[in-house]
$ cat model.txt   # compact mmCIF, C-alpha atoms
# COMPACT_ATOMS: atom_id res chain seq x y z
CA MET N 1 -19.47 -18.97 -1.21
CA ASN N 2 -15.81 -19.98 -0.96
CA PHE N 3 -12.90 -17.58 -1.43
CA GLN N 4 -11.69 -19.24 -4.62
CA LYS N 5 -15.09 -18.99 -6.31
CA GLN N 6 -15.40 -15.31 -5.40
CA LEU N 7 -12.03 -14.54 -6.96
CA GLU N 8 -12.86 -16.55 -10.09
CA GLU N 9 -16.09 -14.58 -10.58
CA SER N 10 -14.31 -11.24 -10.04
CA LEU N 11 -11.59 -12.28 -12.49
CA GLN N 12 -14.15 -13.34 -15.08
CA PHE N 13 -15.90 -9.96 -14.81
CA VAL N 14 -12.78 -7.79 -15.19
CA SER N 15 -11.42 -10.05 -17.96
CA ASP N 16 -14.72 -9.68 -19.84
CA LYS N 17 -14.26 -5.91 -19.54
CA GLY N 18 -10.96 -6.30 -21.41
CA ILE N 19 -8.37 -6.16 -18.63
CA PRO N 20 -5.50 -8.44 -19.72
CA ASN N 21 -2.79 -10.15 -17.68
CA THR N 22 -0.42 -7.50 -16.34
CA THR N 23 2.82 -7.84 -14.38
CA VAL N 24 2.81 -4.53 -12.42
CA GLY N 25 0.11 -3.60 -9.90
CA ILE N 26 -0.14 -0.42 -7.80
CA VAL N 27 -2.38 0.41 -4.84
CA LEU N 28 -2.78 4.19 -4.97
CA GLY N 29 -2.49 5.05 -1.30
CA THR N 30 -1.51 8.49 0.01
CA GLY N 31 1.49 9.67 -1.96
CA LEU N 32 0.58 8.03 -5.26
CA GLY N 33 -2.97 9.31 -5.86
CA ALA N 34 -1.96 11.74 -8.61
CA LEU N 35 -0.19 8.95 -10.51
CA ALA N 36 -3.60 7.97 -11.90
CA GLU N 37 -3.70 11.27 -13.81
CA GLN N 38 -0.50 10.29 -15.65
CA LEU N 39 -1.81 6.91 -16.74
CA ASP N 40 -2.67 6.51 -20.43
CA LEU N 41 -6.04 5.13 -19.32
CA GLN N 42 -7.57 2.36 -21.40
CA ILE N 43 -10.06 0.68 -19.04
CA GLU N 44 -11.78 1.96 -15.91
CA ILE N 45 -14.08 -0.16 -13.70
CA PRO N 46 -15.74 1.17 -10.53
CA TYR N 47 -15.18 -1.14 -7.56
CA SER N 48 -18.94 -1.18 -7.03
CA LYS N 49 -19.41 -3.06 -10.34
CA ILE N 50 -16.91 -5.86 -9.61
CA PRO N 51 -18.59 -8.95 -8.12
CA HIS N 52 -17.55 -9.62 -4.47
CA PHE N 53 -15.38 -6.52 -4.30
CA PRO N 54 -15.54 -4.77 -0.90
CA LYS N 55 -17.62 -1.61 -0.75
CA ALA N 56 -15.52 1.56 -0.36
CA THR N 57 -16.64 3.31 2.84
CA MET N 58 -14.29 6.30 2.74
CA GLU N 59 -15.93 9.33 1.13
CA TYR N 60 -12.69 10.61 -0.37
CA GLN N 61 -11.76 7.23 -1.87
CA LYS N 62 -12.57 7.03 -5.57
CA GLY N 63 -12.85 3.24 -5.67
CA ARG N 64 -11.80 2.37 -9.25
CA LEU N 65 -9.76 -0.31 -10.97
CA LEU N 66 -7.70 1.30 -13.73
CA TYR N 67 -5.71 -0.28 -16.55
CA GLY N 68 -3.45 1.56 -18.96
CA MET N 69 0.10 2.41 -19.97
CA LEU N 70 2.62 4.22 -17.78
CA GLN N 71 6.23 4.80 -18.82
CA GLY N 72 5.66 2.38 -21.70
CA GLN N 73 4.53 -0.39 -19.33
CA PRO N 74 1.04 -1.90 -18.92
CA VAL N 75 -0.05 -1.22 -15.33
CA LEU N 76 -3.01 -2.10 -13.09
CA MET N 77 -3.96 0.57 -10.56
CA PHE N 78 -6.32 0.16 -7.63
CA GLN N 79 -7.50 3.66 -6.75
CA GLY N 80 -8.89 3.44 -3.23
CA ARG N 81 -7.74 1.00 -0.56
CA PHE N 82 -9.43 -0.70 2.38
CA HIS N 83 -8.63 -0.60 6.10
CA ALA N 84 -9.41 -2.81 9.08
CA TYR N 85 -10.92 0.21 10.88
CA GLU N 86 -13.71 0.30 8.30
CA GLY N 87 -15.11 -2.87 9.85
CA LEU N 88 -13.94 -5.10 6.99
CA SER N 89 -12.44 -8.58 7.28
CA PHE N 90 -8.77 -9.09 6.44
CA PHE N 91 -9.88 -11.03 3.35
CA GLU N 92 -11.83 -7.98 2.16
CA ILE N 93 -8.96 -5.58 2.93
CA THR N 94 -6.57 -7.64 0.81
CA TYR N 95 -9.00 -8.53 -2.00
CA PRO N 96 -7.29 -6.16 -4.50
CA ILE N 97 -3.96 -7.97 -3.97
CA ARG N 98 -5.56 -11.37 -4.57
CA LEU N 99 -7.32 -10.08 -7.69
CA MET N 100 -4.02 -8.61 -8.94
CA ASN N 101 -2.44 -12.02 -8.52
CA THR N 102 -5.13 -13.75 -10.62
CA LEU N 103 -4.37 -11.16 -13.34
CA GLY N 104 -0.68 -12.12 -13.43
CA VAL N 105 0.79 -9.29 -11.32
CA LYS N 106 4.33 -10.13 -10.10
CA THR N 107 5.39 -6.72 -8.71
CA VAL N 108 3.27 -4.75 -6.24
CA ILE N 109 3.89 -1.08 -5.44
CA LEU N 110 2.25 0.31 -2.28
CA SER N 111 2.22 3.66 -0.52
CA ASN N 112 0.72 5.10 2.64
CA ALA N 113 0.64 8.14 4.89
CA ALA N 114 2.49 7.76 8.17
CA GLY N 115 3.59 9.67 11.24
CA ALA N 116 7.30 9.65 11.97
CA LEU N 117 8.57 8.35 15.31
CA ASN N 118 12.12 8.70 14.03
CA LEU N 119 12.68 12.38 14.74
CA SER N 120 15.56 12.61 12.27
CA PHE N 121 12.86 12.39 9.56
CA LYS N 122 11.29 15.56 8.21
CA LYS N 123 7.64 16.26 7.46
CA ALA N 124 6.81 15.78 3.74
CA GLY N 125 9.68 13.31 3.48
CA LEU N 126 9.61 9.78 2.04
CA MET N 127 10.49 6.53 3.75
CA LEU N 128 11.23 3.31 1.89
CA ILE N 129 9.81 0.50 4.04
CA GLU N 130 12.49 -2.10 4.79
CA ASP N 131 10.57 -4.09 7.41
CA HIS N 132 7.36 -3.89 9.41
CA ILE N 133 5.65 -4.65 12.70
CA ASN N 134 2.05 -5.84 12.60
CA LEU N 135 -0.01 -4.45 15.51
CA GLN N 136 -3.40 -4.72 13.82
CA GLY N 137 -4.44 -7.64 16.02
CA GLY N 138 -5.04 -10.05 13.14
CA SER N 139 -3.72 -11.52 9.91
CA PRO N 140 -5.22 -12.14 6.46
CA LEU N 141 -3.79 -15.67 6.73
CA ALA N 142 -5.70 -16.45 9.94
CA GLU N 143 -9.12 -16.70 8.28
CA LYS N 144 -11.02 -19.97 8.09
CA GLY N 145 -10.62 -21.64 4.70
CA ILE N 146 -7.82 -19.32 3.54
CA GLU N 147 -5.45 -22.27 2.99
CA ALA N 148 -7.29 -22.84 -0.32
CA LEU N 149 -5.51 -19.72 -1.59
CA GLY N 150 -1.96 -20.68 -0.64
CA ASN N 151 0.38 -21.61 2.18
CA ARG N 152 -0.73 -20.06 5.49
CA PHE N 153 2.67 -20.34 7.17
CA VAL N 154 4.41 -17.70 5.10
CA ASP N 155 8.06 -16.86 5.66
CA MET N 156 8.42 -13.13 6.39
CA LEU N 157 12.21 -13.02 6.42
CA GLU N 158 12.18 -10.55 3.53
CA PRO N 159 8.66 -9.15 3.09
CA TYR N 160 9.94 -6.29 0.90
CA SER N 161 12.00 -7.14 -2.18
CA LYS N 162 15.67 -6.47 -1.48
CA THR N 163 16.33 -6.15 -5.22
CA LEU N 164 13.56 -3.58 -5.74
CA ASN N 165 14.57 -1.65 -2.60
CA GLU N 166 18.18 -1.41 -3.82
CA GLN N 167 16.87 -0.18 -7.18
CA VAL N 168 14.73 2.49 -5.48
CA VAL N 169 17.67 3.73 -3.38
CA GLN N 170 19.73 4.06 -6.58
CA ILE N 171 16.89 5.90 -8.37
CA ALA N 172 16.45 8.34 -5.47
CA GLN N 173 20.18 9.11 -5.54
CA GLU N 174 20.11 9.72 -9.28
CA LEU N 175 17.09 12.01 -8.93
CA ASP N 176 18.67 13.74 -5.91
CA GLU N 177 15.59 12.98 -3.78
CA GLU N 178 16.10 12.40 -0.06
CA LEU N 179 14.84 8.94 0.88
CA TYR N 180 14.63 7.64 4.44
CA ARG N 181 14.65 3.92 5.12
CA GLY N 182 13.05 2.22 8.08
CA VAL N 183 10.48 0.10 9.88
CA TYR N 184 6.75 0.75 9.43
CA THR N 185 4.35 -0.28 12.17
CA SER N 186 0.71 -0.83 11.24
CA VAL N 187 -1.89 -0.24 13.97
CA LEU N 188 -5.65 -0.66 13.82
CA GLY N 189 -6.75 2.97 14.30
CA PRO N 190 -8.69 4.98 13.32
CA GLN N 191 -7.84 7.11 16.38
CA LEU N 192 -4.32 8.44 16.60
CA GLU N 193 -1.92 7.28 19.29
CA THR N 194 -1.54 8.54 22.84
CA ARG N 195 1.79 9.81 24.16
CA ALA N 196 2.29 6.48 25.95
CA GLU N 197 1.57 4.54 22.75
CA TYR N 198 4.09 6.65 20.79
CA ARG N 199 6.69 5.96 23.48
CA PHE N 200 5.95 2.23 23.18
CA LEU N 201 6.19 2.32 19.38
CA LYS N 202 9.56 4.07 19.55
CA MET N 203 10.79 1.53 22.08
CA ILE N 204 10.00 -1.44 19.80
CA GLY N 205 11.84 0.05 16.82
CA THR N 206 9.18 1.92 14.83
CA ASP N 207 10.36 4.61 12.42
CA ALA N 208 6.89 5.44 11.05
CA VAL N 209 3.36 4.42 12.05
CA GLY N 210 0.16 4.10 10.02
CA MET N 211 -3.04 2.09 9.63
CA SER N 212 -2.64 0.14 6.38
CA THR N 213 -0.28 -1.73 4.02
CA VAL N 214 0.88 -4.63 6.24
CA PRO N 215 -2.11 -6.95 5.50
CA GLU N 216 -1.55 -6.35 1.77
CA VAL N 217 2.17 -7.13 2.13
CA ILE N 218 1.43 -10.37 4.00
CA VAL N 219 -0.89 -11.58 1.22
CA ALA N 220 1.54 -10.51 -1.52
CA ASN N 221 4.21 -12.61 0.20
CA GLN N 222 1.82 -15.57 0.46
CA LEU N 223 1.30 -15.26 -3.31
CA GLU N 224 5.06 -14.89 -3.94
CA MET N 225 4.78 -11.40 -5.40
CA ASP N 226 7.62 -8.87 -5.13
CA VAL N 227 6.73 -5.87 -2.96
CA VAL N 228 8.08 -2.34 -2.72
CA ALA N 229 6.36 0.10 -0.35
CA PHE N 230 6.72 3.72 0.71
CA SER N 231 5.51 5.87 3.59
CA VAL N 232 4.81 9.55 3.02
CA ILE N 233 5.72 11.32 6.26
CA THR N 234 2.80 13.63 7.00
CA ASP N 235 3.59 14.53 10.60
CA LEU N 236 6.15 14.09 13.39
CA CYS N 237 5.03 12.15 16.45
CA ASP N 238 7.21 13.27 19.33
CA PRO N 239 5.56 12.08 22.57
CA GLU N 240 7.53 14.71 24.49
CA ASP N 241 6.20 17.53 22.30
CA LEU N 242 2.88 16.30 20.92
CA LYS N 243 0.71 18.80 19.05
CA PRO N 244 -3.00 18.56 18.15
CA ILE N 245 -3.65 17.10 14.71
CA ASP N 246 -3.86 19.64 11.87
CA ILE N 247 -5.55 18.02 8.86
CA GLU N 248 -4.70 20.87 6.48
CA ASP N 249 -1.04 20.66 7.46
CA ILE N 250 -1.05 16.87 6.97
CA MET N 251 -2.65 17.16 3.53
CA ALA N 252 -0.11 19.82 2.49
CA ALA N 253 2.77 17.56 3.60
CA ALA N 254 1.28 14.63 1.67
CA LYS N 255 0.97 16.78 -1.47
CA THR N 256 4.61 17.90 -1.27
CA ALA N 257 5.85 14.34 -0.80
CA GLU N 258 3.59 13.03 -3.57
CA MET N 259 5.54 14.77 -6.33
CA LYS N 260 8.82 13.27 -5.05
CA LEU N 261 7.37 9.77 -4.78
CA ILE N 262 5.77 9.85 -8.22
CA ARG N 263 9.13 10.81 -9.79
CA ILE N 264 10.79 7.79 -8.15
CA VAL N 265 7.98 5.35 -8.98
CA LYS N 266 7.83 6.39 -12.64
CA VAL N 267 11.54 5.66 -13.08
CA LEU N 268 11.12 2.37 -11.23
CA ILE N 269 8.26 1.29 -13.50
CA SER N 270 10.19 2.15 -16.66
CA SER N 271 12.99 -0.14 -15.43
CA LEU N 272 10.80 -3.16 -14.64
$ encode --input "model.txt" --output "structure tokens"
Amino acid sequence: MNFQKQLEESLQFVSDKGIPNTTVGIVLGTGLGALAEQLDLQIEIPYSKIPHFPKATMEYQKGRLLYGMLQGQPVLMFQGRFHAYEGLSFFEITYPIRLMNTLGVKTVILSNAAGALNLSFKKAGLMLIEDHINLQGGSPLAEKGIEALGNRFVDMLEPYSKTLNEQVVQIAQELDEELYRGVYTSVLGPQLETRAEYRFLKMIGTDAVGMSTVPEVIVANQLEMDVVAFSVITDLCDPEDLKPIDIEDIMAAAKTAEMKLIRIVKVLISSL
């Protein structure tokens, strides 16, 4: 079956369930999970029910498409995201972004968990992504037949909306929330990096590293959607003083940062 037909069938299904055209779409990555609890929920569809939707493989991922009101705005939320390390194709990873687009979404809000290579950052801090480096070894625009869904040779001069980023910086100042700004590098994972890999990442200009987001941003740019994205800093990755991973510590840092990020995003949504 071709890509276009799959998307049409998915769109037909969610439209029949009552989901209308919506201009704001959010992928609830680490840092925005609790935002779903603040949604005035009107429609909920498990990913498993949507035709052609990828199967969620992560146990902790809820895997739901949510529609409702937030800050007086109609919003689509995708609770549960997909990663290349799950053995999925780049088309599958970015399927929620393509479905958003068919539903009229113009603004995409993304978040992720990341380790900081920039040692001036603090754990449980927030970084606004200003640019990225793709080290995932592939692209969602390099799949056979993908040209049916838009231009493959997408300009990435400004992958993150300058206007939205300026707005976010202003909001953070008004809320008195510290907000870092920098370059996010996306790697394949799922293993963490070696000391040598962290040294390499620092050398090429990485401020924070993670395993998601970039494929979604590439597709959003292909579809001419405005993107704003955040990294929640869950740990510091100093190759000269590397410590064993502490999952409880990482989750605690993510939880602390989540409250800050949700405050910023709610103000942003009310201004869109």
$ closest_atom_pairs --input "model.txt" --of "region 187-261 of chain N" --to "region 86-105 of chain N" --cutoff "10 Å" --atoms "only C-alpha atoms" --output "Markdown table"
| residue | atom | partner | partner_atom | distance |
| --- | --- | --- | --- | --- |
| N:Leu188 | CA | N:Glu86 | CA | 9.8 |
| N:Gly189 | CA | N:Glu86 | CA | 9.6 |
| N:Pro190 | CA | N:Glu86 | CA | 8.5 |
| N:Ser212 | CA | N:Ile93 | CA | 9.2 |
| N:Thr213 | CA | N:Thr94 | CA | 9.2 |
| N:Val214 | CA | N:Thr94 | CA | 9.7 |
| N:Pro215 | CA | N:Thr94 | CA | 6.5 |
| N:Glu216 | CA | N:Thr94 | CA | 5.3 |
| N:Val217 | CA | N:Ile97 | CA | 8.7 |
| N:Ile218 | CA | N:Thr94 | CA | 9.0 |
| N:Val219 | CA | N:Thr94 | CA | 6.9 |
| N:Ala220 | CA | N:Ile97 | CA | 6.5 |
| N:Gln222 | CA | N:Arg98 | CA | 9.9 |
| N:Leu223 | CA | N:Asn101 | CA | 7.2 |
| N:Glu224 | CA | N:Asn101 | CA | 9.2 |
| N:Met225 | CA | N:Val105 | CA | 7.4 |
| N:Asp226 | CA | N:Val105 | CA | 9.2 |
$ closest_residue --input "model.txt" --among "N:Asp246, N:Leu272, N:Glu8, N:Tyr180" --to "Lys122 (chain N)" --atoms "only C-alpha atoms"
N:Tyr180
$ closest_residue --input "model.txt" --among "N:Glu37, N:Asp155, N:Glu178, N:Glu197" --to "Ala257 (chain N)" --atoms "only C-alpha atoms"
N:Glu178
$ closest_residue --input "model.txt" --among "N:Thr107, N:Gln173, N:Asn221, N:Gln12" --to "Glu158 (chain N)" --atoms "all atoms listed in the file"
N:Asn221
$ atom_distance --input "model.txt" --atom1 "CA of Met77 (chain N)" --atom2 "CA of Gly25 (chain N)"
5.9 Å
$ atom_distance --input "model.txt" --atom1 "CA of Asp207 (chain N)" --atom2 "CA of Leu141 (chain N)"
25.4 Å
$ closest_residue --input "model.txt" --among "N:Val209, N:Ile109, N:Leu164, N:Leu11" --to "Leu135 (chain N)" --atoms "all atoms listed in the file"
N:Val209
$ residues_around --input "model.txt" --residues "Asn118 (chain N)" --least-positions-apart "3" --cutoff "10 Å" --atoms "only C-alpha atoms" --output "ChimeraX atom specification"
/N:115,121-122,180,182-183,202,205-209,236-238
$ write_last_selection --input "model.txt" --atoms "C-alpha atoms" --output "compact mmCIF listing (two decimals), keeping the file's coordinate frame"
# COMPACT_ATOMS: atom_id res chain seq x y z
CA GLY N 115 3.59 9.67 11.24
CA PHE N 121 12.86 12.39 9.56
CA LYS N 122 11.29 15.56 8.21
CA TYR N 180 14.63 7.64 4.44
CA GLY N 182 13.05 2.22 8.08
CA VAL N 183 10.48 0.10 9.88
CA LYS N 202 9.56 4.07 19.55
CA GLY N 205 11.84 0.05 16.82
CA THR N 206 9.18 1.92 14.83
CA ASP N 207 10.36 4.61 12.42
CA ALA N 208 6.89 5.44 11.05
CA VAL N 209 3.36 4.42 12.05
CA LEU N 236 6.15 14.09 13.39
CA CYS N 237 5.03 12.15 16.45
CA ASP N 238 7.21 13.27 19.33
